[in-house]
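Have a look at the structure below, then the notes.
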Amino acid sequence: MQITVQRDKLSTAVSHVTKAVSTRTTIPILTGIKLKADEEGLTLTGSDSDISIEVHIPLEEAGEWGVTVHKPGSVVLTSRIFSEIVRKLPGNEIDIQVDDRLVTLIRSGKAEFTINGLNASEYPQLPQLEEDKVFSIPSDLLKTMIRQTSFAVATSEMRPILTGIMWSLEEGVLKFVATDSHRFASRSAQVECSSDLRVQNVVVPGKSCNELVKIMDDDQNPIDIVVAENQILVKSKHILFYSRLLEGTYPDTNRIIPQSNKTEIVLQTKDILNAIERASLLSREGKSNVVRLATMADGTVEVSSNAPEIGKVTEIVQANAVNGEELKISFNAKYMIDALRSVDSSEIRASFTGAMSPFIIRPTDHDWILHLILPVRTY
């Protein structure tokens, strides 16, 4: 194999595929990046058997040169070393030459490296998925939906299914749901797909979703998503992102959402977020990071926290509206802060059914987002 490739394009491709490479794998070849050069360009692949990422560098695109293939072929190079070399090479072009013994010569400017490669035929093949379940979504919308739900996935492996985001699709509405059993986040959006396409109980690992966000563009270009039995494939311009799905049945979260409320408060998102962040300055020093919220007779809301060994804080927040019964409720400040930070609306509506019942936070201007938080018993 012999190629000349533009350094910036190779560097970007390498940084994408290394996100799928694990140093803690029992399959030694998966610590490497596979390079394959053919008449269409250069393709790089990284995988840890849970996530696989493939990036293609075409010969040229929009009149801009990408790679010249002098001699087609393939090789696997140790990810850690190869990515460092590419990042630190001096020139704008990189020559890569692989001999019959897989010894790889990498040249750029006046720098020259020789590293030992591995046989690409031993690298696992990426799965060929049946493309009968496909839908499209703008890149930036998919990133937003992941950002607004991924913080609520479980970090403990006690219930592995909860470490993922559950994707479902019905009547053209894509819905993401995440819960760690103490809080719940959901986000919906209209997407392009055939009217009869239905997707249920597709649970994508939270880790996969977070890696996917890192390699997607912040633009409105459509991304195709292919759902197979135990894999999902996300296809953007020159990137293929595969992830295995979590096995098991995701819990029916619709049952935990209260259908009525006894108290409803409308607040400026920024005001209540800032007040809770200030209250948690003390509470997080304690063991539980608990903040208390109480409605006042004059239509304001009191936010307070008390860490006996440190001190206490009280702040009055002006509400836009307070309706229903008087309320005093305690909750984990981090859960509330995560939810409020993910809401892209200036005003939220919080609905409560009592001091010991889960409460709901929604934006006032649309119904695409819903957060539910379990309160904390403090007496």
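By convention here, the chains of the structure tokens are called A, B, ... in the order presented, each chain's residues are numbered starting at 1, and ligands are numbered starting at 1 in the order presented.
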Which neighbours of Lys110 (chain A) fall inside 12 Å, counting only C-alpha atoms, when residues of the same chain fewer than 3 positions from it are skipped, and could you give them as a short mmCIF file (atom, residue, chain, number, x, y, z; two decimals) with C-alpha atoms, in the first residue's frame?
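result02.cif, freshly written:
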```cif
data_model
loop_
_atom_site.label_atom_id
_atom_site.label_comp_id
_atom_site.auth_asym_id
_atom_site.auth_seq_id
_atom_site.Cartn_x
_atom_site.Cartn_y
_atom_site.Cartn_z
CA LEU A 89 3.93 15.64 11.83
CA PRO A 90 5.22 18.94 10.39
CA GLY A 91 4.04 19.01 6.75
CA ASN A 92 0.63 19.44 5.09
CA GLU A 93 0.99 16.14 3.22
CA ILE A 94 1.73 12.70 4.63
CA ASP A 95 3.20 9.79 2.65
CA ILE A 106 5.32 7.46 7.44
CA ARG A 107 6.91 10.62 5.98
CA PHE A 113 8.78 7.23 11.12
#
```
Sorted by chain and rising residue number, list the residues of region 164-280 of chain A at most 8 Å from region 308-318 of chain A (counting only C-alpha atoms), each with its closest atom pair and distance in Å to one decimal, as a Markdown table.
```
| residue | atom | partner | partner_atom | distance |
| --- | --- | --- | --- | --- |
| A:Leu267 | CA | A:Gln318 | CA | 7.6 |
| A:Asp271 | CA | A:Val317 | CA | 7.0 |
| A:Ile272 | CA | A:Val317 | CA | 6.8 |
| A:Ala275 | CA | A:Glu315 | CA | 6.8 |
| A:Ala279 | CA | A:Val313 | CA | 6.1 |
```
Can you spit out the residues from that selection as an mmCIF file, in the first residue's frame, using C-alpha atoms?
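Contents of selection.cif, as written:
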```
data_model
loop_
_atom_site.group_PDB
_atom_site.id
_atom_site.type_symbol
_atom_site.label_atom_id
_atom_site.label_comp_id
_atom_site.auth_asym_id
_atom_site.auth_seq_id
_atom_site.Cartn_x
_atom_site.Cartn_y
_atom_site.Cartn_z
ATOM 1 C CA LEU A 267 -40.730 30.219 36.748
ATOM 2 C CA ASP A 271 -33.794 32.464 37.888
ATOM 3 C CA ILE A 272 -34.651 29.111 39.459
ATOM 4 C CA ALA A 275 -30.992 29.977 42.902
ATOM 5 C CA ALA A 279 -28.228 26.737 47.384
#
```
For region 151-153 of chain A: contacts at 8 Å, only C-alpha atoms, fewer than 4 positions along chain excluded, given as a list of chain:residue names
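Those residues are A:Arg147, A:Leu162, A:Thr163, A:Gly164, A:Ile165, A:Ala178, A:Thr179, A:Asp180, A:Arg183, A:Phe184, A:Ala185, A:Gly206, A:Asp338.
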Kindly indicate which residue among A:Ser260, A:Asn254, A:Thr104, A:Thr68 lies nearest to Leu118 (chain A), using only C-alpha atoms for the distances.
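Looking only at the distances to Leu118 (chain A), the closest residue turns out to be A:Thr104.
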When you look at Pro72 (chain A) with a cut-off of 10 Å (counting only C-alpha atoms), what residues show up, excluding the ones that are within fewer than 5 positions of it in the same chain? I need them as a list in words.
Met1, Gln2, Ile3, Lys36, Ala37, Asp38, Glu39, Glu40, Gly41 and Leu42 of chain A
CA of Asn289 (chain A) to CA of Thr263 (chain A) measures 23.8 Å
Nearest residue to Asn323 (chain A) out of A:Thr31, A:Ser121, A:Thr144, A:Ser351, using only C-alpha atoms?
A:Ser351
Using Å and a single decimal, report how far CA of Thr364 (chain A) sits from CA of Met145 (chain A).
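CA of Thr364 (chain A) lies 18.0 Å from CA of Met145 (chain A).
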Filtered DSSP result for region 83-145 of chain A, state strand (DSSP E), as a compact mmCIF listing (two decimals) with C-alpha atoms, in the first residue's frame:
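Everything below was put into selection.txt:
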```txt
# COMPACT_ATOMS: atom_id res chain seq x y z
CA GLU A 93 0.99 16.14 3.22
CA ILE A 94 1.73 12.70 4.63
CA ASP A 95 3.20 9.79 2.65
CA ILE A 96 2.39 6.31 3.96
CA GLN A 97 4.10 3.26 2.47
CA VAL A 98 3.57 -0.34 3.63
CA VAL A 103 6.52 -2.40 7.99
CA THR A 104 5.00 1.06 7.56
CA LEU A 105 6.99 4.13 6.55
CA ILE A 106 5.32 7.46 7.44
CA ARG A 107 6.91 10.62 5.98
CA SER A 108 5.99 14.29 6.23
CA ALA A 111 10.28 13.76 9.54
CA GLU A 112 10.24 10.02 8.93
CA PHE A 113 8.78 7.23 11.12
CA THR A 114 8.92 3.49 10.62
CA ILE A 115 6.40 1.41 12.63
CA ASN A 116 5.31 -2.21 12.49
CA VAL A 134 -34.29 3.71 8.19
CA PHE A 135 -35.16 7.27 9.17
CA SER A 136 -33.47 10.67 8.76
CA ILE A 137 -32.85 13.45 11.27
CA PRO A 138 -30.81 16.69 11.07
```
Find the residues near region 21-24 of chain A: any atom within 9 Å, counting only C-alpha atoms, skip ones fewer than 4 places away on the same chain, and give them as a PDB file with C-alpha atoms, in the first residue's frame.
```pdb
ATOM      1  CA  VAL A  17     -12.057   6.574  14.779  1.00  0.00           C
ATOM      2  CA  PRO A  28      -5.034  -7.223  20.450  1.00  0.00           C
ATOM      3  CA  LEU A  30      -8.645  -3.914  18.156  1.00  0.00           C
ATOM      4  CA  THR A  31      -6.047  -1.631  19.775  1.00  0.00           C
ATOM      5  CA  GLY A  32      -5.238  -0.580  16.217  1.00  0.00           C
ATOM      6  CA  ILE A  33      -6.764   1.523  13.431  1.00  0.00           C
ATOM      7  CA  GLY A  46     -11.730   1.814  14.760  1.00  0.00           C
ATOM      8  CA  SER A  47     -13.696  -0.615  16.937  1.00  0.00           C
ATOM      9  CA  ASP A  48     -13.974  -1.986  20.468  1.00  0.00           C
ATOM     10  CA  SER A  49     -16.656  -4.522  19.397  1.00  0.00           C
ATOM     11  CA  ILE A  51     -18.817   0.725  19.014  1.00  0.00           C
ATOM     12  CA  SER A  52     -17.296   0.805  15.514  1.00  0.00           C
ATOM     13  CA  ILE A  53     -16.507   4.000  13.600  1.00  0.00           C
ATOM     14  CA  SER A  79      -3.905   3.554  17.455  1.00  0.00           C
ATOM     15  CA  ARG A  80      -2.055   5.303  20.269  1.00  0.00           C
TER      16      ARG A  80
END
```
Contacts of Arg198 (chain A) at 8 Å (only C-alpha atoms; same-chain gap of 2+ positions) as an MDAnalysis selection string:
chainID A and resid 168:171 196 200
Dump as an mmCIF file, in the first residue's frame, selection limited to N, CA and C atoms:
```cif
data_model
loop_
_atom_site.group_PDB
_atom_site.id
_atom_site.type_symbol
_atom_site.label_atom_id
_atom_site.label_comp_id
_atom_site.auth_asym_id
_atom_site.auth_seq_id
_atom_site.Cartn_x
_atom_site.Cartn_y
_atom_site.Cartn_z
ATOM 1 N N SER A 168 -37.558 5.314 20.511
ATOM 2 C CA SER A 168 -38.760 4.735 19.911
ATOM 3 C C SER A 168 -39.250 5.668 18.811
ATOM 4 N N LEU A 169 -39.949 5.113 17.855
ATOM 5 C CA LEU A 169 -40.436 5.897 16.707
ATOM 6 C C LEU A 169 -41.834 5.431 16.347
ATOM 7 N N GLU A 170 -42.763 6.357 16.350
ATOM 8 C CA GLU A 170 -44.146 6.032 15.992
ATOM 9 C C GLU A 170 -44.798 7.242 15.338
ATOM 10 N N GLU A 171 -45.438 7.003 14.196
ATOM 11 C CA GLU A 171 -46.123 8.064 13.451
ATOM 12 C C GLU A 171 -45.206 9.262 13.197
ATOM 13 N N ASP A 196 -45.384 4.205 7.950
ATOM 14 C CA ASP A 196 -45.690 2.968 8.688
ATOM 15 C C ASP A 196 -44.520 2.444 9.513
ATOM 16 N N GLN A 200 -39.425 0.156 18.419
ATOM 17 C CA GLN A 200 -39.723 0.076 19.849
ATOM 18 C C GLN A 200 -38.581 -0.596 20.596
#
```
As a list in words, please: every residue in region 92-273 of chain A that DSSP puts in alpha helix (DSSP H).
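Put together, the selection reads Ser139, Asp140, Leu141, Leu142, Lys143, Thr144, Met145, Ile146, Arg147, Gly206, Lys207, Ser208, Cys209, Asn210, Glu211, Leu212, Val213, Lys214, Ile215, Thr269, Lys270, Asp271, Ile272 and Leu273 of chain A.
Here CA of Val202 (chain A) stands at a distance of 11.4 Å from CA of Leu174 (chain A).
The nearest approach to Ala307 (chain A) among the residues A:Asn210, A:Thr249, A:Ser288, A:Asn320, with only C-alpha atoms taken into account, belongs to A:Ser288.
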From the options A:His371, A:Lys262, A:Arg377, A:Lys9, which residue's atoms come nearest to His56 (chain A), counting only C-alpha atoms?
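Of A:His371, A:Lys262, A:Arg377, A:Lys9, the one nearest His56 (chain A) is A:Lys9, counting only C-alpha atoms.
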